[in-house]
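Participant: Below are the structure tokens for one structure; questions will follow.
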Amino acid sequence: MSHQDRYGLPISTTSFDAAAAYRDGVDRMLAGWPGAAEAFDRAATADPDFALAHIGRGRIHSFYQQGDAARAKAALAREVVARLGEARERSHVETLALAIEGQVPAALACALKHLDAWPRDAVVMSLPLGAFGLFAFSGMADHDRARQDLCDHLAHHYGEDWWFLTYHGWSLTENGAVAKGRALTERALGLRRENAHGAHALLHAMFEDGSIADADALVEEWIPIYPRSGILHGHIRWHQALGALERGDAQSALAIYADVLQPAATQAPPLNAVTDGASLLWRLSAYGHAVPGELWREADASAQNSFPKSSLPFADVHMALLSAATHNHAALQARLAVIEQRLADGRLAAGAVVPAICRAMRAFADADFAACVGSLAPVLNEVARIGGSHAQRELIEDTFIVALMKSGDLARARGLLDQRLHRRPSMRDRSWRDAMPASPT
């Protein structure tokens, strides 16, 4: 008996139990729901020669920065699929294996070629998408456009699929089509409520259109069904903390930090844990709220364990926040030296924006606001190259605006705030704008 995945593609197992467990694992992985790892393990136990189960398990390992385990699963999947797999599965395994190994350009090229042949391979389709996907971490400045183009191109293959609507909607939102993106993500979440990526995508649309009250209500209503072990649990609460900061409610933001983001409390993968925690503490401080020094020191120590060496630019930028805030200049300088050498050697796809941000954050923490402005001004249009989402990267522009205000360059700060307020309502931006003296006529 031949088996298929949920998208109608044949899968090379003769075991009913393995096929069912694999379909369950894929759905849980695509939804960001707990249990995917266990489902892939069940599939591999039921059929040890099922390569897709092994590479799926490797993908979950890679989410949690379990590099040795992830690479071992990738090697096993490659060995099995070379003996037993057909063309689609060989290409599927190779694409995921390249992503697991951190070979971003090769993995992206392989994924796009694969999707030309098998557009309904949702697991491969998921690789270029998302804030931490292959497009985002490619160093491209226009990865928002690239994600939407890919989704637009393949939409007719997916119809009303809850996963595809989730990521098509998110891609539209990030590329500026916020109303259309919100409508798609609302549809996706309606089709499958147990879809953390759907709730997350909808929170991004609400962030972009200024619906802070809607976002808070969504989290309060939805988060009780999502286990704390879920890969996005802490990040979804991070979005709620951003809403609290928008209202000037630092106490609620700090309470969320203590509940789900603090190193002792988080169950998130290392990249989420470090970036969410660092960025929230930085925002609190930059917006003028007191952050206890022990929170900074604890976050920095934990992050240094997770990312002791320069790696992804997105991680490096957030490591710079922690080192700057704790005045851990030796750690920041060592990281900067590696980053600048990679740039000089042509091995830093994101380019000069990465060291510029790191230097700017050090200057900001040292209250050298003019130097912060000087470092950031030439690269503000390149910040997208570090990856992540608009909501995550807005921290850089926030820091720039605060540095402008503190250095006395109110005209430029006012201009940026007017641009942002024209795009979406913001209580925080409005309060900053209203606190400035009127521009001379």
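Identifiers in the structure tokens: chain A, B, ... in order shown; residue index from 1 per chain; ligand index from 1 in order shown.
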Determine, using only C-alpha atoms, which residues of range 8-73 of chain A have any atom at most 7 Å from an atom of range 225-235 of chain A, and tabulate each with its shortest atom pair and distance in Å to one decimal place, rows ordered by chain and then rising number, as a tab-separated table.
Facilitator:
```
residue	atom	partner	partner_atom	distance
A:Gly32	CA	A:Ile231	CA	6.0
A:Trp33	CA	A:Gly230	CA	5.7
A:Pro34	CA	A:Gly230	CA	5.2
```
Participant: The selected residues should be written to file as a PDB file, in the first residue's frame (atoms: C-alpha atoms).
Facilitator:
```pdb
ATOM      1  CA  GLY A  32       4.652  25.461  15.694  1.00  0.00           C
ATOM      2  CA  TRP A  33       2.846  23.040  17.988  1.00  0.00           C
ATOM      3  CA  PRO A  34       4.460  20.756  20.582  1.00  0.00           C
TER       4      PRO A  34
END
```
Participant: So which one's closest to Met29 in chain A, A:Arg393, A:Arg359, A:His54, A:His197? Using only C-alpha atoms, please.
Facilitator: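 Smallest separation from Met29 in chain A among the options: A:His197.
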Participant: I'd like to know which of A:Ser306, A:Ile100, A:Gly85, A:Pro128 is closest to Lys113 in chain A, using only C-alpha atoms.
Facilitator: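 Looking only at the distances to Lys113 in chain A, the closest residue turns out to be A:Pro128.
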Participant: Please identify all polymer residues within 12 Å of Ala177 in chain A, counting only C-alpha atoms, omitting same-chain residues fewer than 3 positions from it, and present them as a PyMOL selection string.
Facilitator: chain A and resi 144-145+148+168-174+180-184+204-205+208-209+423
Participant: Which of these, A:Glu382, A:Asp142, A:Glu298, A:Glu101, has the shortest distance to Gln65 in chain A once you count only C-alpha atoms?
Facilitator: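 The answer is A:Glu101, which sits nearest to Gln65 in chain A.
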Participant: For the atom pair CA of Ala365 in chain A and CA of Arg283 in chain A, what is the interatomic distance in Å to one decimal place?
Facilitator: 12.0 Å
Participant: Write out as an NGL selection string all residues of range 61-185 of chain A that backbone DSSP assigns to alpha helix (DSSP H).
Facilitator: :A and (61-63 or 67-84 or 87-100 or 104-117 or 122-126 or 143-154 or 162-174 or 178-185)
Participant: Give me, as a VMD selection string, all polymer residues having an atom no more than 12 Å from range 405-410 of chain A, counting only C-alpha atoms and skipping those fewer than 4 positions away in the same chain.
Facilitator: chain A and resid 286 to 288 364 367 to 374 398 to 401 414 to 418 432 to 440
Participant: Find, counting only C-alpha atoms, the residue in A:Leu280, A:Ala241, A:Ala122, A:Leu376 that gets nearest to Leu295 in chain A.
Facilitator: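 Counting only C-alpha atoms, the residue closest to Leu295 in chain A is A:Leu280.
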Participant: Tell me which of A:Val123, A:Val104, A:Ala111, A:Ala117 sits closest to Arg23 in chain A, counting only C-alpha atoms.
Facilitator: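 Closest to Arg23 in chain A, using only C-alpha atoms: A:Val123.
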Participant: Return the single residue from A:Ala53, A:Val383, A:Leu129, A:Val260 that is closest to Asn272 in chain A, with distances computed using only C-alpha atoms.
Facilitator: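 Of all the options, A:Val260 lies closest to Asn272 in chain A.
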Participant: Range 40-43 of chain A: which residues within 12 Å, counting only C-alpha atoms, same-chain residues fewer than 4 positions away excluded, as an MDAnalysis selection string?
Facilitator: chainID A and resid 11:29 34:36 47:61 73
Participant: Can you pull out the residues contacting Arg88 in chain A? Cut-off 8 Å, using only C-alpha atoms, and skip same-chain residues under 3 positions away; I want them as a list in words.
Facilitator: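 Near Arg88 in chain A, the qualifying residues are Gly85, Ser91, His92, His114 and Trp118 of chain A.
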Participant: Between range 216-322 of chain A and range 386-391 of chain A, at 9 Å or less, what are the per-residue closest atom pairs and their distances in Å? Count only C-alpha atoms, order by chain and rising residue number, and return it as CSV.
Facilitator:
```
residue,atom,partner,partner_atom,distance
A:His239,CA,A:Ala391,CA,8.7
A:Leu312,CA,A:Ile386,CA,8.2
A:Pro313,CA,A:Ile386,CA,5.5
A:Phe314,CA,A:Ile386,CA,5.2
A:Ala315,CA,A:Ile386,CA,8.9
A:Val317,CA,A:Ile386,CA,8.2
```
Participant: Write out as a PyMOL selection string the residues lying within 12 Å of Ala337 in chain A, counting only C-alpha atoms and excluding same-chain residues fewer than 5 positions away.
Facilitator: chain A and resi 309-310+316+329-332+342-344+354-355+358-359
Participant: Hey, can you check how far CA of Asn381 in chain A sits from CA of Trp296 in chain A?
Facilitator: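 Between CA of Asn381 in chain A and CA of Trp296 in chain A the gap is 29.0 Å.
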Participant: What gap, in Å, lies between CA of Leu154 in chain A and CA of Arg120 in chain A?
Facilitator: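 Computing the Euclidean distance for CA of Leu154 in chain A and CA of Arg120 in chain A yields 8.4 Å.
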